[in-house]
Amino acid sequence: MSVLEIRDLHVSVETEQGTKPILRGVDLTIRTGETHAIMGPNGSGKSTLAYTIAGHPKYTVDSGSITLDGEDVLAMSVDERARAGLFLAMQYPVEIPGVTVTNFLRTAKTAVDGEAPAIRGWIKDVRDSMKNLRMEPAFAERNVNEGFSGGEKKRHEILQLELLKPQFAVLDETDSGLDVDALKIVSEGVNRAKENTGLGVLLITHYTRILRYIKPDFVHVFVAGKIAEQGGPELADRLENEGYDRFLVDAVVAPEGA
């Protein structure tokens with residue numbers, strides 16, 4: 001069993017107004033086969049956590065640690081993190097003009113595994129995954145995310161997830177912009193990947209609707225850069241009914257000198 005551990009993580013970002021602290025001491029442990037949902041209001045630091053795990057250069061780790069099976073993730077380059085088994089499905093996937101989906105997927109698979117996949121088996125795997133995600137065969141020859149709808153971009157992210165077979169997947173608001181049918185298809189892809197590989201999932205979302213399809217083992221409420229409360233699936237139901245108001249009141253910083 002692999003373990004992704006985050007300990008007392010503090011992260012900041014540079015803005016026009018100066019250094020802005022975002023994460024303020026995050027502790028989280030994810031094991032293979034577990035699904036953790038992170039919920040919280042806008043600006044609470046959920047996406048910052050996702051991008052810090054992936055190694056986005058915009059974010060500065062001020063203190064704390066991220067380890068994968070005891071190995072220092074923060075010392076790894078972005079590609080080293082991917083080879084180690086970390087995967088990020090972005091909230092806003094970027095376009096890559098001039099690179100087809102087919103070439104992108106094969107290049108990514110080769111980079112992660114250290115060798116190119118056998119052509120015949122690879123083609124079959126790609127076709128099967130695309131069929132399961134209700135993607136037309138012609139999609140494979142389109143440029144990555146160029147002119148894609150929101151649903152197509154998210155299906156492409158899950159197509160990568162299924163084919164690259166990471167140990168841990170961070171899904172940053174994968175449900176945003178999806179209609180009911182697309183949400184179900186994307187969720188089925190995540191569940192399929194988990195069933196086939198024992199994937200550990202860190203699912204970041206505002207809403208409980210995706211949790212009807214991807215059942216979390218643990219739910220963590222993110223407020224003001226740290227975990228304010230955690231529990232089981234019942235916590236998500238409580239948030240659906242009550243919202244985040246009670247957490248936001250507790251998070252208000254007292255005036256200086258108070």
# chains A, B, ... in the order shown; residues from 1 in each chain; ligands from 1
>>> select_by_dssp(residues="segment 36-183 of chain A", states="strand (DSSP E or B)", output="VMD selection string")
chain A and resid 36 to 39 59 to 68 71 to 72 86 to 89 96 to 100 143 to 144 168 to 172
>>> closest_atom_pairs(of="segment 119-223 of chain A", to="segment 92-104 of chain A", cutoff="7 Å", atoms="only C-alpha atoms", output="JSON lines")
{"residue": "A:Ala140", "atom": "CA", "partner": "A:Val101", "partner_atom": "CA", "distance": 5.0}
{"residue": "A:Glu141", "atom": "CA", "partner": "A:Thr100", "partner_atom": "CA", "distance": 5.4}
{"residue": "A:Arg142", "atom": "CA", "partner": "A:Thr100", "partner_atom": "CA", "distance": 5.2}
{"residue": "A:Asn143", "atom": "CA", "partner": "A:Thr100", "partner_atom": "CA", "distance": 4.1}
{"residue": "A:Val144", "atom": "CA", "partner": "A:Ile96", "partner_atom": "CA", "distance": 5.1}
{"residue": "A:Asn145", "atom": "CA", "partner": "A:Glu95", "partner_atom": "CA", "distance": 4.7}
{"residue": "A:Glu146", "atom": "CA", "partner": "A:Glu95", "partner_atom": "CA", "distance": 5.3}
{"residue": "A:Lys153", "atom": "CA", "partner": "A:Pro93", "partner_atom": "CA", "distance": 6.6}
>>> write_last_selection(atoms="N, CA and C atoms", output="PDB file, in the first residue's frame")
ATOM      1  N   ALA A 140      -9.480  11.493 -31.304  1.00  0.00           N
ATOM      2  CA  ALA A 140      -8.058  11.193 -31.108  1.00  0.00           C
ATOM      3  C   ALA A 140      -7.153  12.006 -32.021  1.00  0.00           C
ATOM      4  N   GLU A 141      -7.689  12.494 -33.133  1.00  0.00           N
ATOM      5  CA  GLU A 141      -6.864  13.241 -34.090  1.00  0.00           C
ATOM      6  C   GLU A 141      -7.002  14.750 -33.927  1.00  0.00           C
ATOM      7  N   ARG A 142      -7.763  15.174 -32.962  1.00  0.00           N
ATOM      8  CA  ARG A 142      -7.890  16.614 -32.707  1.00  0.00           C
ATOM      9  C   ARG A 142      -6.723  17.099 -31.856  1.00  0.00           C
ATOM     10  N   ASN A 143      -6.409  18.388 -31.946  1.00  0.00           N
ATOM     11  CA  ASN A 143      -5.359  18.956 -31.108  1.00  0.00           C
ATOM     12  C   ASN A 143      -5.839  19.045 -29.657  1.00  0.00           C
ATOM     13  N   VAL A 144      -4.935  18.840 -28.733  1.00  0.00           N
ATOM     14  CA  VAL A 144      -5.275  18.725 -27.319  1.00  0.00           C
ATOM     15  C   VAL A 144      -6.028  19.955 -26.820  1.00  0.00           C
ATOM     16  N   ASN A 145      -7.288  19.721 -26.421  1.00  0.00           N
ATOM     17  CA  ASN A 145      -8.171  20.722 -25.805  1.00  0.00           C
ATOM     18  C   ASN A 145      -8.494  21.913 -26.689  1.00  0.00           C
ATOM     19  N   GLU A 146      -8.041  21.905 -27.946  1.00  0.00           N
ATOM     20  CA  GLU A 146      -8.288  23.039 -28.842  1.00  0.00           C
ATOM     21  C   GLU A 146      -9.719  22.965 -29.373  1.00  0.00           C
ATOM     22  N   LYS A 153     -13.123  18.382 -22.481  1.00  0.00           N
ATOM     23  CA  LYS A 153     -11.858  18.570 -21.766  1.00  0.00           C
ATOM     24  C   LYS A 153     -11.784  17.658 -20.550  1.00  0.00           C
TER      25      LYS A 153
END
>>> closest_residue(among="A:Leu164, A:Val170, A:Val221, A:Ile214", to="Asn191 of chain A", atoms="only C-alpha atoms")
A:Ile214
>>> residues_around(residues="segment 69-78 of chain A", least_positions_apart="6", cutoff="12 Å", atoms="only C-alpha atoms", output="VMD selection string")
chain A and resid 1 to 7 9 11 29 to 32 51 to 57 59 to 63 84 to 88 111 to 112 167 to 168
>>> residues_around(residues="Leu105 of chain A", least_positions_apart="6", cutoff="9 Å", atoms="only C-alpha atoms", output="CSV table (one decimal) with C-alpha atoms, in the first residue's frame")
chain,number,residue,atom,x,y,z
A,126,VAL,CA,-7.0,3.9,-26.1
A,159,LEU,CA,-8.9,9.3,-20.5
A,160,GLN,CA,-5.3,10.3,-19.4
A,163,LEU,CA,-4.3,5.2,-19.6
A,164,LEU,CA,-1.4,6.5,-17.4
>>> closest_residue(among="A:Ala89, A:Leu68, A:Ile119, A:Met39", to="Ile210 of chain A", atoms="only C-alpha atoms")
A:Met39
>>> atom_distance(atom1="atom CA of Asp217 of chain A", atom2="atom CA of Gly231 of chain A")
8.7 Å
>>> residues_around(residues="Ser176 of chain A", least_positions_apart="4", cutoff="10 Å", atoms="only C-alpha atoms", output="number ranges by chain")
A: 91-92, 150-151, 154, 172, 183, 205-207, 210
>>> closest_residue(among="A:Ser44, A:Thr67, A:Arg83, A:Ile227", to="Thr110 of chain A", atoms="only C-alpha atoms")
A:Arg83
>>> residues_around(residues="Ala236 of chain A", least_positions_apart="5", cutoff="10 Å", atoms="only C-alpha atoms", output="PyMOL selection string")
chain A and resi 37-39+207-209+211+216+218-221+230-231+241-243
>>> atom_distance(atom1="atom CA of Val201 of chain A", atom2="atom CA of Thr35 of chain A")
4.6 Å
>>> atom_distance(atom1="atom CA of Arg24 of chain A", atom2="atom CA of Pro166 of chain A")
27.8 Å
>>> select_by_dssp(residues="segment 43-221 of chain A", states="alpha helix (DSSP H)", output="JSON list (two decimals) with N, CA and C atoms, in the first residue's frame")
[["chain", "number", "residue", "atom", "x", "y", "z"],
["A", 46, "LYS", "N", -8.21, 25.22, -1.81],
["A", 46, "LYS", "CA", -8.35, 23.84, -2.32],
["A", 46, "LYS", "C", -7.49, 23.63, -3.57],
["A", 47, "SER", "N", -7.61, 24.52, -4.54],
["A", 47, "SER", "CA", -6.83, 24.37, -5.77],
["A", 47, "SER", "C", -5.35, 24.60, -5.53],
["A", 48, "THR", "N", -5.02, 25.47, -4.59],
["A", 48, "THR", "CA", -3.61, 25.68, -4.24],
["A", 48, "THR", "C", -2.98, 24.38, -3.75],
["A", 49, "LEU", "N", -3.71, 23.63, -2.96],
["A", 49, "LEU", "CA", -3.21, 22.33, -2.50],
["A", 49, "LEU", "C", -2.96, 21.41, -3.68],
["A", 50, "ALA", "N", -3.90, 21.37, -4.62],
["A", 50, "ALA", "CA", -3.76, 20.51, -5.80],
["A", 50, "ALA", "C", -2.51, 20.87, -6.60],
["A", 51, "TYR", "N", -2.33, 22.15, -6.87],
["A", 51, "TYR", "CA", -1.21, 22.58, -7.70],
["A", 51, "TYR", "C", 0.13, 22.47, -6.97],
["A", 52, "THR", "N", 0.10, 22.59, -5.66],
["A", 52, "THR", "CA", 1.34, 22.40, -4.89],
["A", 52, "THR", "C", 1.78, 20.95, -4.94],
["A", 53, "ILE", "N", 0.84, 20.03, -4.84],
["A", 53, "ILE", "CA", 1.18, 18.60, -4.95],
["A", 53, "ILE", "C", 1.79, 18.31, -6.32],
["A", 54, "ALA", "N", 1.23, 18.95, -7.35],
["A", 54, "ALA", "CA", 1.70, 18.71, -8.72],
["A", 54, "ALA", "C", 3.01, 19.42, -9.04],
["A", 78, "VAL", "N", 8.44, 18.39, -11.74],
["A", 78, "VAL", "CA", 7.07, 18.05, -12.13],
["A", 78, "VAL", "C", 7.02, 16.68, -12.81],
["A", 79, "ASP", "N", 7.94, 16.43, -13.74],
["A", 79, "ASP", "CA", 7.92, 15.15, -14.45],
["A", 79, "ASP", "C", 8.30, 13.99, -13.53],
["A", 80, "GLU", "N", 9.16, 14.25, -12.56],
["A", 80, "GLU", "CA", 9.51, 13.21, -11.60],
["A", 80, "GLU", "C", 8.31, 12.84, -10.73],
["A", 81, "ARG", "N", 7.49, 13.82, -10.41],
["A", 81, "ARG", "CA", 6.28, 13.55, -9.64],
["A", 81, "ARG", "C", 5.32, 12.67, -10.44],
["A", 82, "ALA", "N", 5.21, 12.96, -11.73],
["A", 82, "ALA", "CA", 4.34, 12.15, -12.58],
["A", 82, "ALA", "C", 4.85, 10.71, -12.66],
["A", 83, "ARG", "N", 6.16, 10.55, -12.82],
["A", 83, "ARG", "CA", 6.73, 9.20, -12.90],
["A", 83, "ARG", "C", 6.60, 8.46, -11.57],
["A", 84, "ALA", "N", 6.57, 9.22, -10.48],
["A", 84, "ALA", "CA", 6.43, 8.60, -9.16],
["A", 84, "ALA", "C", 5.00, 8.12, -8.91],
["A", 101, "VAL", "N", -4.30, 14.53, -29.75],
["A", 101, "VAL", "CA", -4.58, 13.74, -28.55],
["A", 101, "VAL", "C", -3.80, 12.43, -28.59],
["A", 102, "THR", "N", -3.77, 11.79, -29.78],
["A", 102, "THR", "CA", -3.05, 10.52, -29.92],
["A", 102, "THR", "C", -1.58, 10.67, -29.58],
["A", 103, "ASN", "N", -0.92, 11.68, -30.14],
["A", 103, "ASN", "CA", 0.51, 11.89, -29.88],
["A", 103, "ASN", "C", 0.77, 12.29, -28.43],
["A", 104, "PHE", "N", -0.10, 13.11, -27.91],
["A", 104, "PHE", "CA", 0.04, 13.55, -26.53],
["A", 104, "PHE", "C", -0.02, 12.37, -25.56],
["A", 105, "LEU", "N", -1.02, 11.53, -25.74],
["A", 105, "LEU", "CA", -1.21, 10.39, -24.84],
["A", 105, "LEU", "C", -0.04, 9.42, -24.90],
["A", 106, "ARG", "N", 0.43, 9.12, -26.11],
["A", 106, "ARG", "CA", 1.54, 8.17, -26.24],
["A", 106, "ARG", "C", 2.84, 8.76, -25.68],
["A", 107, "THR", "N", 3.06, 10.05, -25.91],
["A", 107, "THR", "CA", 4.24, 10.70, -25.37],
["A", 107, "THR", "C", 4.21, 10.71, -23.84],
["A", 108, "ALA", "N", 3.03, 11.01, -23.28],
["A", 108, "ALA", "CA", 2.88, 11.02, -21.82],
["A", 108, "ALA", "C", 3.10, 9.63, -21.24],
["A", 109, "LYS", "N", 2.54, 8.63, -21.87],
["A", 109, "LYS", "CA", 2.68, 7.25, -21.39],
["A", 109, "LYS", "C", 4.15, 6.82, -21.43],
["A", 110, "THR", "N", 4.85, 7.18, -22.49],
["A", 110, "THR", "CA", 6.26, 6.85, -22.62],
["A", 110, "THR", "C", 7.09, 7.54, -21.54],
["A", 111, "ALA", "N", 6.77, 8.81, -21.28],
["A", 111, "ALA", "CA", 7.51, 9.57, -20.28],
["A", 111, "ALA", "C", 7.30, 9.01, -18.87],
["A", 112, "VAL", "N", 6.07, 8.62, -18.57],
["A", 112, "VAL", "CA", 5.75, 8.10, -17.24],
["A", 112, "VAL", "C", 6.34, 6.71, -17.01],
["A", 113, "ASP", "N", 6.23, 5.85, -18.02],
["A", 113, "ASP", "CA", 6.69, 4.46, -17.87],
["A", 113, "ASP", "C", 8.17, 4.27, -18.16],
["A", 119, "ILE", "N", 2.58, -0.93, -29.65],
["A", 119, "ILE", "CA", 1.58, -0.26, -30.48],
["A", 119, "ILE", "C", 0.22, -0.95, -30.45],
["A", 120, "ARG", "N", 0.18, -2.25, -30.71],
["A", 120, "ARG", "CA", -1.11, -2.93, -30.85],
["A", 120, "ARG", "C", -1.92, -2.86, -29.56],
["A", 121, "GLY", "N", -1.29, -3.19, -28.46],
["A", 121, "GLY", "CA", -1.99, -3.15, -27.18],
["A", 121, "GLY", "C", -2.39, -1.74, -26.78],
["A", 122, "TRP", "N", -1.52, -0.77, -27.10],
["A", 122, "TRP", "CA", -1.79, 0.61, -26.78],
["A", 122, "TRP", "C", -3.01, 1.13, -27.54],
["A", 123, "ILE", "N", -3.06, 0.86, -28.82],
["A", 123, "ILE", "CA", -4.19, 1.31, -29.63],
["A", 123, "ILE", "C", -5.50, 0.74, -29.09],
["A", 124, "LYS", "N", -5.47, -0.52, -28.71],
["A", 124, "LYS", "CA", -6.67, -1.16, -28.16],
["A", 124, "LYS", "C", -7.08, -0.50, -26.83],
["A", 125, "ASP", "N", -6.09, -0.22, -25.98],
["A", 125, "ASP", "CA", -6.38, 0.41, -24.69],
["A", 125, "ASP", "C", -7.01, 1.79, -24.89],
["A", 126, "VAL", "N", -6.44, 2.57, -25.83],
["A", 126, "VAL", "CA", -6.97, 3.91, -26.10],
["A", 126, "VAL", "C", -8.40, 3.84, -26.63],
["A", 127, "ARG", "N", -8.63, 2.93, -27.58],
["A", 127, "ARG", "CA", -9.97, 2.81, -28.15],
["A", 127, "ARG", "C", -10.99, 2.36, -27.11],
["A", 128, "ASP", "N", -10.60, 1.41, -26.28],
["A", 128, "ASP", "CA", -11.52, 0.92, -25.24],
["A", 128, "ASP", "C", -11.86, 2.02, -24.24],
["A", 129, "SER", "N", -10.84, 2.78, -23.82],
["A", 129, "SER", "CA", -11.09, 3.85, -22.86],
["A", 129, "SER", "C", -11.96, 4.95, -23.47],
["A", 130, "MET", "N", -11.69, 5.29, -24.72],
["A", 130, "MET", "CA", -12.50, 6.31, -25.39],
["A", 130, "MET", "C", -13.95, 5.85, -25.53],
["A", 131, "LYS", "N", -14.13, 4.58, -25.85],
["A", 131, "LYS", "CA", -15.49, 4.04, -25.98],
["A", 131, "LYS", "C", -16.22, 4.11, -24.64],
["A", 132, "ASN", "N", -15.54, 3.75, -23.57],
["A", 132, "ASN", "CA", -16.16, 3.79, -22.24],
["A", 132, "ASN", "C", -16.53, 5.20, -21.82],
["A", 150, "GLY", "N", -16.37, 22.05, -22.48],
["A", 150, "GLY", "CA", -15.98, 21.75, -21.11],
["A", 150, "GLY", "C", -16.05, 20.26, -20.81],
["A", 151, "GLY", "N", -17.10, 19.61, -21.29],
["A", 151, "GLY", "CA", -17.24, 18.18, -21.07],
["A", 151, "GLY", "C", -16.17, 17.37, -21.77],
["A", 152, "GLU", "N", -15.79, 17.78, -22.99],
["A", 152, "GLU", "CA", -14.74, 17.07, -23.73],
["A", 152, "GLU", "C", -13.40, 17.19, -23.02],
["A", 153, "LYS", "N", -13.12, 18.38, -22.48],
["A", 153, "LYS", "CA", -11.86, 18.57, -21.77],
["A", 153, "LYS", "C", -11.78, 17.66, -20.55],
["A", 154, "LYS", "N", -12.88, 17.56, -19.81],
["A", 154, "LYS", "CA", -12.88, 16.72, -18.61],
["A", 154, "LYS", "C", -12.81, 15.24, -18.96],
["A", 155, "ARG", "N", -13.46, 14.84, -20.02],
["A", 155, "ARG", "CA", -13.35, 13.43, -20.46],
["A", 155, "ARG", "C", -11.92, 13.10, -20.88],
["A", 156, "HIS", "N", -11.26, 14.07, -21.52],
["A", 156, "HIS", "CA", -9.87, 13.85, -21.92],
["A", 156, "HIS", "C", -8.97, 13.70, -20.69],
["A", 157, "GLU", "N", -9.24, 14.47, -19.64],
["A", 157, "GLU", "CA", -8.47, 14.32, -18.40],
["A", 157, "GLU", "C", -8.62, 12.91, -17.84],
["A", 158, "ILE", "N", -9.85, 12.39, -17.84],
["A", 158, "ILE", "CA", -10.10, 11.06, -17.29],
["A", 158, "ILE", "C", -9.55, 9.99, -18.23],
["A", 159, "LEU", "N", -9.54, 10.26, -19.52],
["A", 159, "LEU", "CA", -8.88, 9.34, -20.47],
["A", 159, "LEU", "C", -7.41, 9.21, -20.11],
["A", 160, "GLN", "N", -6.75, 10.31, -19.83],
["A", 160, "GLN", "CA", -5.35, 10.26, -19.39],
["A", 160, "GLN", "C", -5.21, 9.45, -18.11],
["A", 161, "LEU", "N", -6.11, 9.69, -17.17],
["A", 161, "LEU", "CA", -6.07, 8.98, -15.89],
["A", 161, "LEU", "C", -6.14, 7.48, -16.09],
["A", 162, "GLU", "N", -7.05, 7.04, -16.95],
["A", 162, "GLU", "CA", -7.21, 5.60, -17.19],
["A", 162, "GLU", "C", -5.99, 4.99, -17.87],
["A", 163, "LEU", "N", -5.38, 5.73, -18.77],
["A", 163, "LEU", "CA", -4.27, 5.17, -19.55],
["A", 163, "LEU", "C", -2.93, 5.27, -18.84],
["A", 164, "LEU", "N", -2.72, 6.33, -18.05],
["A", 164, "LEU", "CA", -1.43, 6.52, -17.38],
["A", 164, "LEU", "C", -1.31, 5.71, -16.10],
["A", 180, "VAL", "N", -25.47, 16.63, -16.50],
["A", 180, "VAL", "CA", -25.73, 15.42, -15.72],
["A", 180, "VAL", "C", -25.13, 14.18, -16.40],
["A", 181, "ASP", "N", -25.30, 14.07, -17.71],
["A", 181, "ASP", "CA", -24.79, 12.89, -18.42],
["A", 181, "ASP", "C", -23.27, 12.84, -18.39],
["A", 182, "ALA", "N", -22.63, 13.98, -18.67],
["A", 182, "ALA", "CA", -21.17, 14.02, -18.67],
["A", 182, "ALA", "C", -20.61, 13.75, -17.27],
["A", 183, "LEU", "N", -21.28, 14.26, -16.25],
["A", 183, "LEU", "CA", -20.85, 14.03, -14.87],
["A", 183, "LEU", "C", -20.85, 12.54, -14.55],
["A", 184, "LYS", "N", -21.87, 11.86, -14.98],
["A", 184, "LYS", "CA", -21.97, 10.42, -14.72],
["A", 184, "LYS", "C", -20.89, 9.66, -15.46],
["A", 185, "ILE", "N", -20.64, 10.01, -16.71],
["A", 185, "ILE", "CA", -19.63, 9.33, -17.52],
["A", 185, "ILE", "C", -18.23, 9.54, -16.95],
["A", 186, "VAL", "N", -17.93, 10.79, -16.59],
["A", 186, "VAL", "CA", -16.62, 11.10, -16.01],
["A", 186, "VAL", "C", -16.44, 10.37, -14.68],
["A", 187, "SER", "N", -17.47, 10.37, -13.86],
["A", 187, "SER", "CA", -17.40, 9.69, -12.56],
["A", 187, "SER", "C", -17.18, 8.19, -12.74],
["A", 188, "GLU", "N", -17.85, 7.61, -13.71],
["A", 188, "GLU", "CA", -17.66, 6.18, -13.99],
["A", 188, "GLU", "C", -16.22, 5.89, -14.39],
["A", 189, "GLY", "N", -15.61, 6.83, -15.12],
["A", 189, "GLY", "CA", -14.21, 6.66, -15.51],
["A", 189, "GLY", "C", -13.28, 6.66, -14.31],
["A", 190, "VAL", "N", -13.53, 7.56, -13.37],
["A", 190, "VAL", "CA", -12.73, 7.61, -12.15],
["A", 190, "VAL", "C", -12.90, 6.32, -11.35],
["A", 191, "ASN", "N", -14.14, 5.87, -11.21],
["A", 191, "ASN", "CA", -14.40, 4.64, -10.46],
["A", 191, "ASN", "C", -13.76, 3.43, -11.14],
["A", 192, "ARG", "N", -13.75, 3.43, -12.46],
["A", 192, "ARG", "CA", -13.14, 2.33, -13.21],
["A", 192, "ARG", "C", -11.63, 2.31, -12.97],
["A", 193, "ALA", "N", -11.01, 3.48, -13.02],
["A", 193, "ALA", "CA", -9.57, 3.57, -12.78],
["A", 193, "ALA", "C", -9.23, 3.09, -11.38],
["A", 194, "LYS", "N", -10.04, 3.48, -10.42],
["A", 194, "LYS", "CA", -9.80, 3.06, -9.03],
["A", 194, "LYS", "C", -9.95, 1.55, -8.89],
["A", 195, "GLU", "N", -10.96, 1.00, -9.50],
["A", 195, "GLU", "CA", -11.20, -0.44, -9.42],
["A", 195, "GLU", "C", -10.08, -1.23, -10.08],
["A", 196, "ASN", "N", -9.56, -0.71, -11.18],
["A", 196, "ASN", "CA", -8.54, -1.44, -11.94],
["A", 196, "ASN", "C", -7.14, -1.34, -11.35],
["A", 197, "THR", "N", -6.86, -0.26, -10.64],
["A", 197, "THR", "CA", -5.48, -0.02, -10.19],
["A", 197, "THR", "C", -5.32, 0.20, -8.70]]
>>> decode(residues="segment 206-221 of chain A", atoms="N, CA and C atoms", output="short mmCIF file (atom, residue, chain, number, x, y, z; two decimals), in the first residue's frame")
data_model
loop_
_atom_site.label_atom_id
_atom_site.label_comp_id
_atom_site.auth_asym_id
_atom_site.auth_seq_id
_atom_site.Cartn_x
_atom_site.Cartn_y
_atom_site.Cartn_z
N HIS A 206 -16.90 21.77 -4.92
CA HIS A 206 -17.76 22.66 -4.13
C HIS A 206 -19.05 21.95 -3.73
N TYR A 207 -19.45 20.98 -4.56
CA TYR A 207 -20.80 20.46 -4.47
C TYR A 207 -20.81 18.96 -4.19
N THR A 208 -21.94 18.49 -3.69
CA THR A 208 -22.05 17.07 -3.35
C THR A 208 -22.51 16.22 -4.53
N ARG A 209 -22.89 16.83 -5.64
CA ARG A 209 -23.50 16.04 -6.71
C ARG A 209 -22.55 14.99 -7.25
N ILE A 210 -21.25 15.29 -7.37
CA ILE A 210 -20.32 14.29 -7.88
C ILE A 210 -20.11 13.18 -6.85
N LEU A 211 -20.35 13.48 -5.59
CA LEU A 211 -20.17 12.47 -4.53
C LEU A 211 -21.28 11.44 -4.53
N ARG A 212 -22.31 11.68 -5.32
CA ARG A 212 -23.34 10.65 -5.50
C ARG A 212 -22.83 9.52 -6.39
N TYR A 213 -21.83 9.84 -7.21
CA TYR A 213 -21.28 8.86 -8.15
C TYR A 213 -19.92 8.34 -7.68
N ILE A 214 -19.10 9.23 -7.14
CA ILE A 214 -17.80 8.84 -6.59
C ILE A 214 -17.90 8.92 -5.08
N LYS A 215 -18.05 7.78 -4.44
CA LYS A 215 -18.33 7.74 -3.01
C LYS A 215 -17.04 7.98 -2.20
N PRO A 216 -17.01 9.03 -1.39
CA PRO A 216 -15.80 9.30 -0.61
C PRO A 216 -15.74 8.45 0.66
N ASP A 217 -14.53 8.09 1.04
CA ASP A 217 -14.31 7.44 2.33
C ASP A 217 -14.18 8.49 3.42
N PHE A 218 -13.61 9.65 3.04
CA PHE A 218 -13.37 10.73 4.00
C PHE A 218 -13.74 12.05 3.34
N VAL A 219 -14.28 12.96 4.14
CA VAL A 219 -14.60 14.31 3.66
C VAL A 219 -13.89 15.31 4.56
N HIS A 220 -13.21 16.28 3.94
CA HIS A 220 -12.47 17.31 4.67
C HIS A 220 -13.00 18.68 4.24
N VAL A 221 -13.29 19.52 5.22
CA VAL A 221 -13.78 20.87 4.94
C VAL A 221 -12.60 21.83 5.02
#
